[in-house]
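Visitor: The structure that follows is given in the form of structure tokens.
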Amino acid sequence: MEKHEINEKVTAALEQIRPFLQADGGDIRLVEITDDLIVKVELRGACGCCPYSIQTLKSGVEKAIKEEVPQIKSIVAVNI
């Protein structure tokens with residue numbers, strides 16, 4: 001899978017989970033996908049300061065992205 005294809009699939013996965021984050025006053029922004037397939041995101045709003053943000057990142061965001069792009073190694077938040 002090429003880099004632009006991975007980017008499109010990750011973006012699509014984020015769009016699928018965005019409404020759930022926004023319902024709780026948060027949001028998410030894709031910062032970058034590294035060459036070694038690590039996705040860097042920024043959690044915004046309530047998600048950026050929530051004590052459960054790590055859980056949201058791992059059980060929600062990471063799961064959704066890896067379902068679309070299993071090659072992704074990990075998802076990290078740049079602001080946690």
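Just so we're on the same page: first chain in the structure tokens is A, next is B, and so on; residues restart at 1 for each chain, and ligands are numbered from 1 in the order they show up.
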Using the chain letters and numbers from this document, which residues of chain A does DSSP assign to alpha helix (DSSP H), as an NGL selection string?

Guide: :A and (3-23 or 46-49 or 53-55 or 63-68)

Visitor: Which residues, written as an mmCIF file with C-alpha atoms, in the first residue's frame, have at least one atom at most 8 Å from A:Gly45, with only C-alpha atoms counted and residues fewer than 5 positions away on the same chain left out?

Guide:
```cif
data_model
loop_
_atom_site.group_PDB
_atom_site.id
_atom_site.type_symbol
_atom_site.label_atom_id
_atom_site.label_comp_id
_atom_site.auth_asym_id
_atom_site.auth_seq_id
_atom_site.Cartn_x
_atom_site.Cartn_y
_atom_site.Cartn_z
ATOM 1 C CA GLY A 25 -16.613 18.029 23.420
ATOM 2 C CA GLY A 26 -13.395 16.813 21.811
ATOM 3 C CA ASP A 27 -11.863 16.307 18.411
#
```

Visitor: Would you mind listing what lies within 12 Å of A:Ile54 as a ChimeraX atom specification, with only C-alpha atoms counted and same-chain residues fewer than 5 positions away left out?

Guide: /A:42-43,47-49,59-62,75-80

Visitor: Considering only C-alpha atoms, return as an MDAnalysis selection string whatever protein or nucleic-acid residues lie within 10 Å of A:Lys3, sequence-local ones (same chain, fewer than 4 positions apart) excluded.

Guide: chainID A and resid 7:9 33:35 37

Visitor: Determine which residues of chain A DSSP labels as strand (DSSP E) from the backbone of this structure, then write them out as number ranges by chain.

Guide: A: 26-33, 38-45, 74-77

Visitor: Would you please work out which residue, of A:Ala46, A:Val39, A:Val31, A:Ala23, is nearest to A:Ile6 when using only C-alpha atoms?

Guide: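 Smallest distance to A:Ile6 is found for A:Val39.
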
Visitor: In Å, with one decimal, what is the gap from atom CA of A:Lys63 to atom CA of A:Ala13?

Guide: 9.5 Å

Visitor: May I ask for the distance between atom CA of A:Arg44 and atom CA of A:Leu30, given in Å to one decimal place?

Guide: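 Going from atom CA of A:Arg44 over to atom CA of A:Leu30, I get 10.9 Å.
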
Visitor: For A:Val10, which of A:Tyr52, A:Ile65, A:Asp24, A:Lys58 is the closest residue, counting only C-alpha atoms?

Guide: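 Ranking A:Tyr52, A:Ile65, A:Asp24, A:Lys58 by distance to A:Val10, first place goes to A:Ile65.
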
Visitor: Mind giving me the straight-line distance from atom CA of A:Ala64 to atom CA of A:Cys50 in Å, one decimal?

Guide: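 Result for atom CA of A:Ala64 versus atom CA of A:Cys50: 19.7 Å, one decimal.
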